[in-house]
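Dropping target.cif in here (mmCIF, C-alpha atoms):
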```
data_model
#
loop_
_atom_site.label_atom_id
_atom_site.label_comp_id
_atom_site.auth_asym_id
_atom_site.auth_seq_id
_atom_site.Cartn_x
_atom_site.Cartn_y
_atom_site.Cartn_z
CA MET U 1 74.60 111.03 118.20
CA HIS U 2 75.70 114.12 116.28
CA TYR U 3 75.63 115.06 112.62
CA ARG U 4 78.30 116.79 110.59
CA ALA U 5 77.54 119.50 108.07
CA ILE U 6 78.82 118.24 104.72
CA PHE U 7 79.13 120.50 101.69
CA ALA U 8 80.18 118.20 98.86
CA LEU U 9 78.90 117.21 95.46
CA LEU U 10 78.99 113.63 94.21
CA LEU U 11 80.28 113.56 90.64
CA LEU U 12 80.16 110.29 88.69
CA THR U 13 81.69 110.20 85.21
CA PHE U 14 82.62 107.36 82.91
CA SER U 15 84.96 106.65 80.03
CA LEU U 16 85.56 103.66 77.78
CA ALA U 17 88.72 101.58 77.93
CA GLY U 18 90.05 98.46 76.25
CA ALA U 19 89.15 96.56 73.14
CA GLN U 20 85.76 95.58 74.56
CA ASP U 21 84.89 99.18 75.49
CA ILE U 22 84.39 98.37 79.17
CA PRO U 23 83.32 101.60 80.92
CA ILE U 24 85.40 103.02 83.76
CA TYR U 25 83.42 105.05 86.29
CA THR U 26 85.14 107.81 88.26
CA VAL U 27 83.70 109.01 91.57
CA SER U 28 84.56 112.44 92.98
CA TYR U 29 83.15 113.47 96.35
CA GLY U 30 84.72 116.18 98.47
CA ASP U 31 88.45 115.45 98.61
CA ILE U 32 88.02 111.75 97.67
CA THR U 33 88.31 110.35 94.14
CA PHE U 34 88.34 106.72 92.97
CA SER U 35 87.41 104.65 89.92
CA PHE U 36 85.89 101.26 89.17
CA ARG U 37 85.32 99.22 86.03
CA GLY U 38 81.96 98.27 84.58
CA THR U 39 82.86 94.66 85.38
CA VAL U 40 82.30 95.57 89.05
CA ALA U 41 79.35 97.99 89.17
CA THR U 42 77.51 100.65 87.19
CA GLY U 43 76.97 103.40 89.76
CA VAL U 44 77.38 104.56 93.34
CA ASP U 45 75.27 106.07 96.12
CA VAL U 46 76.83 108.20 98.85
CA ALA U 47 75.64 109.01 102.37
CA GLU U 48 77.05 110.65 105.48
CA GLU U 49 76.45 108.50 108.56
CA ALA U 50 76.66 110.09 112.01
CA ASP U 51 78.40 108.42 114.91
CA GLY U 52 76.22 106.00 116.83
CA VAL U 53 74.25 103.10 115.40
CA ASN U 54 75.24 101.45 112.14
CA VAL U 55 71.97 101.34 110.23
CA SER U 56 73.15 99.56 107.07
CA PRO U 57 70.18 97.41 105.93
CA PHE U 58 72.58 94.60 104.97
CA ALA U 59 74.37 94.40 108.33
CA MET U 60 73.62 91.25 110.32
CA PHE U 61 73.10 93.28 113.50
CA PRO U 62 73.27 97.03 114.22
CA ALA U 63 76.49 98.11 115.91
CA GLU U 64 77.95 101.37 117.17
CA SER U 65 80.28 103.09 114.75
CA PRO U 66 82.21 106.35 114.43
CA ALA U 67 80.91 108.73 111.76
CA TYR U 68 81.83 107.80 108.20
CA THR U 69 81.19 108.52 104.54
CA LEU U 70 79.42 105.55 102.93
CA PHE U 71 79.83 104.69 99.25
CA THR U 72 77.48 101.89 98.15
CA LEU U 73 78.17 100.44 94.71
CA THR U 74 75.00 100.05 92.64
CA GLY U 75 74.53 97.56 89.85
CA TYR U 76 77.18 95.51 91.63
CA VAL U 77 78.03 92.19 90.02
CA PRO U 78 76.84 89.87 91.46
CA ASN U 79 73.62 91.45 92.69
CA PRO U 80 73.15 90.91 96.47
CA ALA U 81 69.35 90.97 96.15
CA GLU U 82 69.41 87.87 93.93
CA ASP U 83 71.41 85.60 96.22
CA LEU U 84 70.18 84.35 99.59
CA ASN U 85 73.68 83.77 100.99
CA ARG U 86 74.85 87.22 99.97
CA ASP U 87 71.63 88.96 101.02
CA ARG U 88 72.13 87.81 104.61
CA PHE U 89 75.46 89.52 104.85
CA HIS U 90 76.56 92.80 103.29
CA ALA U 91 75.90 95.34 100.60
CA PRO U 92 78.92 96.27 98.43
CA GLU U 93 80.23 99.12 100.57
CA ILE U 94 83.27 101.36 100.92
CA ARG U 95 83.45 103.34 104.15
CA VAL U 96 85.77 106.27 104.79
CA TYR U 97 86.31 107.19 108.44
CA ARG U 98 88.13 110.23 109.76
CA ILE U 99 90.91 108.79 111.88
CA GLU U 100 90.44 111.70 114.29
CA ASP U 101 86.88 110.44 114.94
CA VAL U 102 88.00 106.82 115.27
CA MET U 103 90.76 107.61 117.77
CA SER U 104 88.73 110.09 119.83
CA GLY U 105 87.13 107.36 121.95
CA ALA U 106 83.77 109.14 121.78
CA LEU U 107 81.99 105.78 121.85
CA ASP U 108 83.91 104.55 124.91
CA ASP U 109 85.03 101.62 122.78
CA ALA U 110 88.72 101.27 121.99
CA THR U 111 88.22 98.41 119.54
CA TYR U 112 87.96 100.62 116.44
CA ALA U 113 91.17 102.36 117.49
CA SER U 114 92.83 98.97 118.07
CA GLU U 115 92.13 97.93 114.48
CA VAL U 116 93.68 101.18 113.23
CA GLU U 117 96.78 100.62 115.36
CA LEU U 118 97.08 97.01 114.16
CA LEU U 119 96.97 98.14 110.54
CA ARG U 120 99.59 100.82 111.19
CA GLU U 121 101.88 98.18 112.71
CA LEU U 122 101.43 95.85 109.72
CA LEU U 123 102.17 98.63 107.24
CA GLU U 124 105.36 99.48 109.13
CA THR U 125 106.67 95.92 109.58
CA ARG U 126 105.23 94.29 106.40
CA PRO U 127 104.90 90.66 107.58
CA ALA U 128 103.52 87.95 105.27
CA LEU U 129 99.79 88.49 105.80
CA ASP U 130 98.58 84.92 105.30
CA THR U 131 100.76 83.74 108.21
CA LEU U 132 98.93 85.93 110.75
CA GLU U 133 96.04 84.79 112.92
CA HIS U 134 94.01 87.99 112.57
CA LEU U 135 94.00 90.87 110.08
CA PRO U 136 92.47 94.32 110.67
CA PHE U 137 88.81 94.58 109.69
CA LEU U 138 86.46 97.54 110.00
CA PRO U 139 83.60 98.11 110.45
CA LEU U 140 83.12 96.08 113.59
CA ILE U 141 80.37 93.52 113.16
CA PRO U 142 79.45 90.53 115.32
CA GLY U 143 81.41 87.40 114.58
CA VAL U 144 84.95 86.26 113.97
CA GLN U 145 87.28 86.01 111.02
CA THR U 146 86.87 82.32 110.23
CA LEU U 147 89.43 82.60 107.44
CA HIS U 148 91.57 85.06 105.55
CA THR U 149 93.72 84.38 102.51
CA ARG U 150 95.32 85.92 99.41
CA GLY U 151 96.51 88.82 101.56
CA HIS U 152 98.72 91.45 99.93
CA TYR U 153 99.76 95.08 100.28
CA LEU U 154 98.44 97.87 98.05
CA GLU U 155 99.91 101.36 97.82
CA ASN U 156 99.75 104.50 95.69
CA ASP U 157 100.61 108.17 96.20
CA SER U 158 97.60 108.79 98.49
CA ILE U 159 96.93 105.61 100.48
CA PHE U 160 98.46 102.36 101.59
CA GLY U 161 96.84 99.28 103.04
CA ILE U 162 96.07 95.59 102.68
CA ALA U 163 93.61 93.60 100.58
CA TYR U 164 92.53 90.03 101.25
CA LEU U 165 89.67 87.55 101.07
CA THR U 166 87.82 86.80 104.27
CA HIS U 167 84.81 85.00 105.69
CA ARG U 168 83.12 86.02 108.91
CA ALA U 169 80.57 84.19 111.04
CA ASP U 170 79.13 84.36 114.55
CA ARG U 171 80.54 80.85 115.05
CA ALA U 172 82.46 78.31 112.98
CA GLY U 173 80.15 78.52 109.97
CA LEU U 174 79.78 76.97 106.57
CA ILE U 175 81.99 78.59 103.93
CA LEU U 176 79.62 78.98 101.00
CA GLU U 177 79.55 80.82 97.70
CA GLY U 178 78.48 84.42 98.22
CA ARG U 179 79.73 84.65 101.81
CA VAL U 180 83.39 85.27 100.99
CA LEU U 181 84.36 88.95 100.91
CA HIS U 182 87.13 90.91 99.26
CA THR U 183 88.14 93.61 101.72
CA PHE U 184 90.53 96.54 101.64
CA GLN U 185 91.72 98.13 104.87
CA GLY U 186 93.86 101.20 104.34
CA ILE U 187 95.04 104.55 105.65
CA SER U 188 95.58 107.78 103.73
CA LYS U 189 99.20 108.87 103.74
CA ASP U 190 98.26 112.26 105.16
CA GLY U 191 96.90 110.43 108.22
CA ARG U 192 93.35 111.77 107.89
CA TYR U 193 91.33 108.79 106.68
CA TYR U 194 90.78 105.08 107.23
CA ILE U 195 89.29 103.33 104.17
CA ALA U 196 87.43 100.04 104.65
CA SER U 197 85.44 97.94 102.19
CA TRP U 198 83.50 94.71 101.92
CA LEU U 199 82.74 93.38 98.45
CA SER U 200 81.31 89.89 98.05
CA VAL U 201 82.78 87.63 95.39
CA ASP U 202 81.87 84.39 93.65
CA SER U 203 84.87 82.08 93.55
CA GLY U 204 83.57 79.33 91.29
CA VAL U 205 85.00 76.71 93.67
CA LEU U 206 82.68 76.84 96.71
CA PRO U 207 79.33 75.08 97.15
CA VAL U 208 76.14 77.15 97.20
CA GLU U 209 74.51 75.18 100.01
CA PHE U 210 74.52 71.99 102.05
CA SER U 211 71.32 69.97 101.97
CA TYR U 212 71.95 67.32 104.59
CA LYS U 213 72.43 67.80 108.31
CA SER U 214 74.83 64.84 108.37
CA ASP U 215 77.19 66.78 106.07
CA VAL U 216 77.12 69.78 108.41
CA ASP U 217 77.77 67.63 111.48
CA ALA U 218 80.79 66.00 109.82
CA ILE U 219 82.19 69.41 108.87
CA MET U 220 81.85 70.78 112.40
CA GLU U 221 83.67 67.75 113.82
CA ASN U 222 86.66 68.42 111.52
CA TYR U 223 86.34 72.15 110.99
CA ASP U 224 90.05 72.99 110.71
CA LEU U 225 90.49 70.46 107.89
CA TYR U 226 87.37 71.79 106.19
CA ARG U 227 88.51 75.43 106.46
CA ASN U 228 92.03 74.65 105.24
CA ALA U 229 90.63 72.83 102.21
CA ARG U 230 88.52 75.88 101.38
CA ILE U 231 91.57 78.15 101.73
CA ILE U 232 93.56 75.94 99.34
CA ALA U 233 90.70 76.04 96.83
CA LEU U 234 90.48 79.84 97.02
CA ASN U 235 94.25 80.18 96.63
CA ASP U 236 94.40 77.84 93.63
CA GLN U 237 91.68 79.68 91.71
CA PRO U 238 93.11 82.23 89.21
CA ALA U 239 92.44 85.83 90.26
CA ASP U 240 90.64 86.57 86.97
CA ALA U 241 88.29 83.60 87.51
CA PHE U 242 86.57 85.25 90.48
CA TYR U 243 83.41 87.24 89.87
CA PRO U 244 84.06 90.16 89.89
CA PRO U 245 87.74 89.58 88.98
CA LEU U 246 89.98 90.23 91.97
CA PRO U 247 92.34 92.54 90.00
CA ASP U 248 89.34 94.77 89.20
CA LEU U 249 88.50 95.03 92.91
CA ASP U 250 92.12 95.81 93.82
CA ALA U 251 92.13 98.48 91.10
CA ILE U 252 89.42 100.45 92.95
CA PHE U 253 91.80 101.11 95.82
CA GLU U 254 94.86 101.53 93.64
CA SER U 255 92.93 104.42 92.05
CA PHE U 256 92.07 106.15 95.36
CA ALA U 257 93.24 109.77 95.53
CA ILE U 258 92.93 112.16 98.47
CA SER U 259 93.30 115.84 97.65
CA ASP U 260 94.64 118.46 100.06
#
```
Could I get this file's structure written as structure tokens?
Amino acid sequence: MHYRAIFALLLLTFSLAGAQDIPIYTVSYGDITFSFRGTVATGVDVAEEADGVNVSPFAMFPAESPAYTLFTLTGYVPNPAEDLNRDRFHAPEIRVYRIEDVMSGALDDATYASEVELLRELLETRPALDTLEHLPFLPLIPGVQTLHTRGHYLENDSIFGIAYLTHRADRAGLILEGRVLHTFQGISKDGRYYIASWLSVDSGVLPVEFSYKSDVDAIMENYDLYRNARIIALNDQPADAFYPPLPDLDAIFESFAISD
């Protein structure tokens, strides 16, 4: 494991926007700038993680990772500490990797590089995302993408990438409120950075829990039907009805700017 010397100052400012005076927070750190609305969070912590073990306290299991800059949204709505389903999975994180580090193969693991190459291919060919079996997802964590939906492309002057809803589990698992994530996977147009996020959302259409083992057994016997029904429910829900609203999460990455 090695550490990088980082000389950067985190600057967080806010302004008011709209008739309801919803604050907009702007984060500036090194050559990275982005914004988020007060409907999403009220602050941010930043850390520099060296290559080696992923020590995020919200990760299901530690896993090797290239070095990255970690932005953790604070005051995130909903609060992961108040929800058992959410607490088992992930903190509201945005990770920025140097593509040079990802592609170097220093960890003797080509899987990170494979996800970068898959995203590059998608951004070049622009297929309909919801028709694909697998979409790029970093960081690598144990488990599989049990579903992905509402996939779309996002682009501005500095970055381009994809955003979608996903659910991950170590096996075919129950799709419950608090376990669905909004993720952005993107690349800076100067080729220096890979941006990855996981932000949990409440959909308003998924159950919080299952109380009876018989229900779980029936679901596992017909899992494809169960998963497809959940996808339809997530697709039918208006984007503004999610919590936080999906357009507000997309806006974080539409605001991303990378300076020279």
With 10 Å as the cut-off and only C-alpha atoms counted, what is the closest atom pair between each nearby residue of segment 93-181 of chain U and segment 44-47 of chain U? Distances in Å to one decimal, ordered by chain and number, as a tab-separated table.
```
residue	atom	partner	partner_atom	distance
U:Glu93	CA	U:Val44	CA	9.5
U:Ile94	CA	U:Val46	CA	9.6
U:Arg95	CA	U:Val46	CA	9.8
```
For atom CA of Asp157 of chain U and atom CA of Asp190 of chain U, the interatomic separation in Å (one decimal):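 So the answer is 10.1 Å.
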Long-range neighbours of Arg168 of chain U as JSON, numbers by chain, 6 Å cut-off, only C-alpha atoms, 6 positions minimum in chain: {"U": [144, 145, 146]}
Top pick for closest residue to Asp215 of chain U, considering U:Leu73, U:Leu174, U:Ile32, U:Leu234 and counting only C-alpha atoms: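 Using only C-alpha atoms, the shortest distance to Asp215 of chain U belongs to U:Leu174.
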Given all atoms listed in the file as the counted atoms, nearest of U:Phe253, U:Thr33, U:Thr111, U:Val208 to Gly161 of chain U: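 Residue with the minimum atom-to-atom distance to Gly161 of chain U: U:Phe253.
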